[in-house]
file entry35.tsv (TSV, C-alpha atoms)
chain	number	residue	atom	x	y	z
A	27	MET	CA	118.54	89.08	133.48
A	28	MET	CA	119.14	92.70	132.63
A	29	THR	CA	122.85	91.98	132.17
A	30	PHE	CA	122.09	89.27	129.60
A	31	TYR	CA	119.66	91.64	127.91
A	32	ARG	CA	122.35	94.31	127.58
A	33	ILE	CA	124.92	91.85	126.26
A	34	PHE	CA	122.40	90.42	123.78
A	35	SER	CA	121.42	93.95	122.70
A	36	TYR	CA	124.97	94.99	121.88
A	37	PHE	CA	125.67	91.70	120.09
A	38	LEU	CA	122.47	92.02	118.05
A	39	LEU	CA	123.26	95.65	117.24
A	40	VAL	CA	126.59	94.68	115.65
A	41	ILE	CA	124.89	91.98	113.57
A	42	ALA	CA	122.09	94.43	112.67
A	43	VAL	CA	124.63	96.80	111.12
A	44	ILE	CA	125.94	93.97	108.94
A	45	LEU	CA	122.40	92.81	108.09
A	46	GLY	CA	121.39	96.38	107.27
A	47	ILE	CA	124.19	96.77	104.76
A	48	ALA	CA	123.40	93.35	103.29
A	49	ALA	CA	119.71	94.30	103.08
A	50	LEU	CA	120.55	97.34	100.97
A	51	PHE	CA	122.35	95.18	98.44
A	52	ALA	CA	119.65	92.52	98.64
A	53	LEU	CA	117.02	95.17	97.94
A	54	LEU	CA	118.78	96.09	94.70
A	55	ILE	CA	118.78	92.43	93.69
A	56	ALA	CA	115.17	91.98	94.83
A	57	LEU	CA	114.01	94.83	92.64
A	58	SER	CA	114.89	92.71	89.63
A	59	ASN	CA	113.53	89.53	91.23
A	60	PRO	CA	110.35	90.31	93.21
A	61	ALA	CA	110.31	86.85	94.82
A	62	LEU	CA	113.16	88.02	97.07
A	63	LEU	CA	111.25	91.04	98.41
A	64	LEU	CA	109.70	89.02	101.25
A	65	SER	CA	113.14	87.92	102.46
A	66	VAL	CA	114.40	91.49	102.33
A	67	PHE	CA	111.33	92.64	104.26
A	68	VAL	CA	112.03	90.11	107.02
A	69	ILE	CA	115.69	91.11	107.26
A	70	VAL	CA	114.79	94.81	107.41
A	71	ALA	CA	112.25	94.05	110.15
A	72	VAL	CA	114.96	92.30	112.19
A	73	VAL	CA	117.22	95.32	111.79
A	74	ILE	CA	114.44	97.74	112.78
A	75	TYR	CA	113.53	95.57	115.78
A	76	THR	CA	117.15	95.47	116.93
A	77	VAL	CA	117.61	99.24	116.69
A	78	ALA	CA	114.22	100.05	118.26
A	79	SER	CA	114.72	97.66	121.17
A	80	PHE	CA	118.23	99.03	121.70
A	81	LEU	CA	116.82	102.57	121.86
A	82	PHE	CA	114.20	101.36	124.35
A	83	MET	CA	116.93	99.87	126.52
A	84	LEU	CA	119.25	102.86	126.24
A	85	ASN	CA	116.78	105.72	126.60
A	86	GLY	CA	113.94	104.07	128.49
A	87	ILE	CA	115.28	101.42	130.82
A	88	ASP	CA	118.71	102.92	131.45
A	89	GLY	CA	117.89	106.61	130.88
A	90	LYS	CA	114.51	106.48	132.67
A	91	ARG	CA	113.15	108.94	130.10
A	92	GLN	CA	109.57	108.97	128.91
A	93	GLN	CA	109.21	107.21	125.54
A	94	GLN	CA	106.80	107.74	122.70
A	95	THR	CA	104.26	105.00	122.16
A	96	LYS	CA	105.44	104.82	118.53
A	97	LEU	CA	108.70	103.25	119.77
A	98	ARG	CA	106.79	100.51	121.61
A	99	ASP	CA	104.71	99.89	118.48
A	100	TRP	CA	107.84	99.67	116.30
A	101	VAL	CA	109.41	97.22	118.73
A	102	LYS	CA	106.32	95.02	118.94
A	103	VAL	CA	105.47	94.90	115.24
A	104	ASN	CA	109.02	94.18	114.16
A	105	ALA	CA	109.45	91.67	116.99
A	106	TYR	CA	106.59	89.61	115.54
A	107	VAL	CA	108.26	89.54	112.14
A	108	SER	CA	111.59	88.77	113.83
A	109	ILE	CA	109.96	85.75	115.48
A	110	VAL	CA	109.25	84.44	111.98
A	111	PHE	CA	112.94	84.96	111.16
A	112	VAL	CA	113.96	83.09	114.32
A	113	VAL	CA	111.68	80.14	113.62
A	114	MET	CA	112.82	79.91	109.99
A	115	ASN	CA	116.49	79.97	111.01
A	116	LEU	CA	116.00	77.40	113.77
A	117	VAL	CA	114.16	74.99	111.51
A	118	GLN	CA	116.62	75.40	108.63
A	119	SER	CA	119.71	75.11	110.82
A	120	ILE	CA	118.49	72.03	112.65
A	121	ALA	CA	117.41	70.38	109.40
A	122	VAL	CA	120.75	71.03	107.74
A	123	LEU	CA	122.79	69.94	110.75
A	124	GLN	CA	120.83	66.68	111.10
A	125	ASP	CA	121.39	65.70	107.45
A	126	PRO	CA	125.07	66.13	106.48
A	127	THR	CA	124.38	65.10	102.89
A	128	VAL	CA	122.90	68.56	102.35
A	129	PHE	CA	126.37	70.05	102.84
A	130	ALA	CA	127.95	67.56	100.49
A	131	ASP	CA	125.37	68.23	97.77
A	132	ALA	CA	125.75	71.99	98.10
A	133	VAL	CA	129.54	71.79	97.94
A	134	LYS	CA	129.33	69.55	94.86
A	135	GLN	CA	127.08	72.05	93.12
A	136	VAL	CA	129.38	74.96	93.93
A	137	SER	CA	132.46	72.98	92.88
A	138	THR	CA	130.79	72.11	89.60
A	139	MET	CA	129.88	75.74	88.95
A	140	GLN	CA	133.41	76.89	89.78
A	141	GLN	CA	134.93	73.93	87.94
A	142	THR	CA	137.30	73.11	90.80
A	143	LYS	CA	137.97	69.57	91.92
A	144	SER	CA	140.48	70.34	94.65
A	145	PRO	CA	139.75	68.37	97.83
A	146	LEU	CA	141.22	71.22	99.89
A	147	SER	CA	138.74	73.76	98.52
A	148	THR	CA	135.87	71.28	98.98
A	149	THR	CA	136.80	70.68	102.61
A	150	LEU	CA	137.27	74.37	103.25
A	151	MET	CA	133.91	75.21	101.70
A	152	MET	CA	132.22	72.48	103.74
A	153	ASN	CA	133.74	73.85	106.96
A	154	VAL	CA	132.76	77.42	106.12
A	155	MET	CA	129.18	76.36	105.40
A	156	LYS	CA	128.97	74.47	108.69
A	157	ALA	CA	130.33	77.47	110.57
A	158	VAL	CA	127.73	79.74	108.95
A	159	VAL	CA	124.90	77.36	109.85
A	160	TRP	CA	126.12	77.11	113.46
A	161	PHE	CA	126.40	80.90	113.65
A	162	LEU	CA	122.86	81.34	112.30
A	163	LEU	CA	121.59	78.84	114.87
A	164	PHE	CA	123.37	80.75	117.66
A	165	TYR	CA	122.09	84.08	116.31
A	166	ALA	CA	118.51	82.79	116.13
A	167	LEU	CA	118.67	81.57	119.73
A	168	ILE	CA	120.06	84.89	120.98
A	169	LEU	CA	117.48	86.86	118.97
A	170	GLY	CA	114.63	84.69	120.27
A	171	ALA	CA	115.75	85.11	123.87
A	172	HIS	CA	116.12	88.87	123.32
A	173	ILE	CA	112.60	89.13	121.92
A	174	ALA	CA	111.17	87.27	124.92
A	175	LEU	CA	113.05	89.56	127.32
A	176	THR	CA	111.96	92.65	125.36
A	177	PHE	CA	108.29	91.74	125.69
A	178	ARG	CA	108.83	91.19	129.41
A	179	TYR	CA	110.54	94.57	129.81
A	180	LEU	CA	107.92	96.36	127.70
A	181	LYS	CA	105.34	95.16	130.17
A	182	GLU	CA	107.49	95.89	133.22
A	183	TYR	CA	108.40	99.41	132.06
A	184	ALA	CA	105.00	100.28	130.59
A	185	TYR	CA	104.94	103.45	132.67
A	186	LEU	CA	107.70	104.86	130.42
A	187	PHE	CA	105.11	104.97	127.63
A	188	GLY	CA	102.49	106.73	129.73
A	189	ASP	CA	100.66	103.54	130.76
A	190	LYS	CA	99.69	102.88	134.34
A	191	PRO	CA	101.95	100.43	136.18
A	192	ASN	CA	100.64	96.91	136.74
A	193	SER	CA	100.22	96.83	140.49
A	194	THR	CA	97.56	94.37	141.54
A	195	SER	CA	99.14	93.59	144.93
A	196	ASN	CA	98.09	96.96	146.45
A	197	SER	CA	94.55	96.80	145.09
A	198	PRO	CA	91.82	96.70	147.74
A	199	PHE	CA	89.70	94.42	145.55

call {"tool": "encode", "arguments": {"input": "entry35.tsv", "output": "structure tokens"}}
result
Amino acid sequence: MMTFYRIFSYFLLVIAVILGIAALFALLIALSNPALLLSVFVIVAVVIYTVASFLFMLNGIDGKRQQQTKLRDWVKVNAYVSIVFVVMNLVQSIAVLQDPTVFADAVKQVSTMQQTKSPLSTTLMMNVMKAVVWFLLFYALILGAHIALTFRYLKEYAYLFGDKPNSTSNSPF
């Protein structure tokens, strides 16, 4: 499982860099439209979770160095917000993939706004949108699995944060 965790961590780190840059631009837009601030907050939490859990893996699990409890708190708090992101992406992706008319309606709206009637551009846009939805579904599944593994490893490596190890098998009671 640790191998999957490492692979997931590096994959999520690459996406976190992209999301972090996008979040900076989204923050500028959200400052003029406060309704978007919640979405920016969720994206920033996913980025923070990804970086914090990567540091936990790199310095704690692999480096066997003592960690500050603040790192565990950052991982946990941002993991809870990231779970919201995962659930939202799963629900949206599944809903869109089950009803293909959503793609057609979106492409019609974009074509109308761009005033293009080319069937090639419509097909291309439809394929790009489907690819994005499939990628978001894949990303949400990987992120959800990573969060579950992180909580497991936080418990297993609790001694890195100064906690006592969970050893009930050697207990005389």

call {"tool": "closest_residue", "arguments": {"input": "entry35.tsv", "among": "A:Ile33, A:Val40, A:Val112, A:Val117", "to": "A:Ile69", "atoms": "all atoms listed in the file"}}
result
A:Val112

call {"tool": "closest_residue", "arguments": {"input": "entry35.tsv", "among": "A:Val101, A:Ala42, A:Leu81, A:Val113", "to": "A:Ile173", "atoms": "only C-alpha atoms"}}
result
A:Val101

call {"tool": "atom_distance", "arguments": {"input": "entry35.tsv", "atom1": "atom CA of A:Val68", "atom2": "atom CA of A:Leu167"}}
result
16.7 Å

call {"tool": "residues_around", "arguments": {"input": "entry35.tsv", "residues": "A:Ile168", "least_positions_apart": "3", "cutoff": "9 Å", "atoms": "all atoms listed in the file", "output": "ChimeraX atom specification"}}
result
/A:34,37-38,163-165,171-173

call {"tool": "closest_residue", "arguments": {"input": "entry35.tsv", "among": "A:Tyr185, A:Tyr36, A:Phe177, A:Phe161", "to": "A:Asn115", "atoms": "all atoms listed in the file"}}
result
A:Phe161

call {"tool": "atom_distance", "arguments": {"input": "entry35.tsv", "atom1": "atom CA of A:Met155", "atom2": "atom CA of A:Leu123"}}
result
10.5 Å
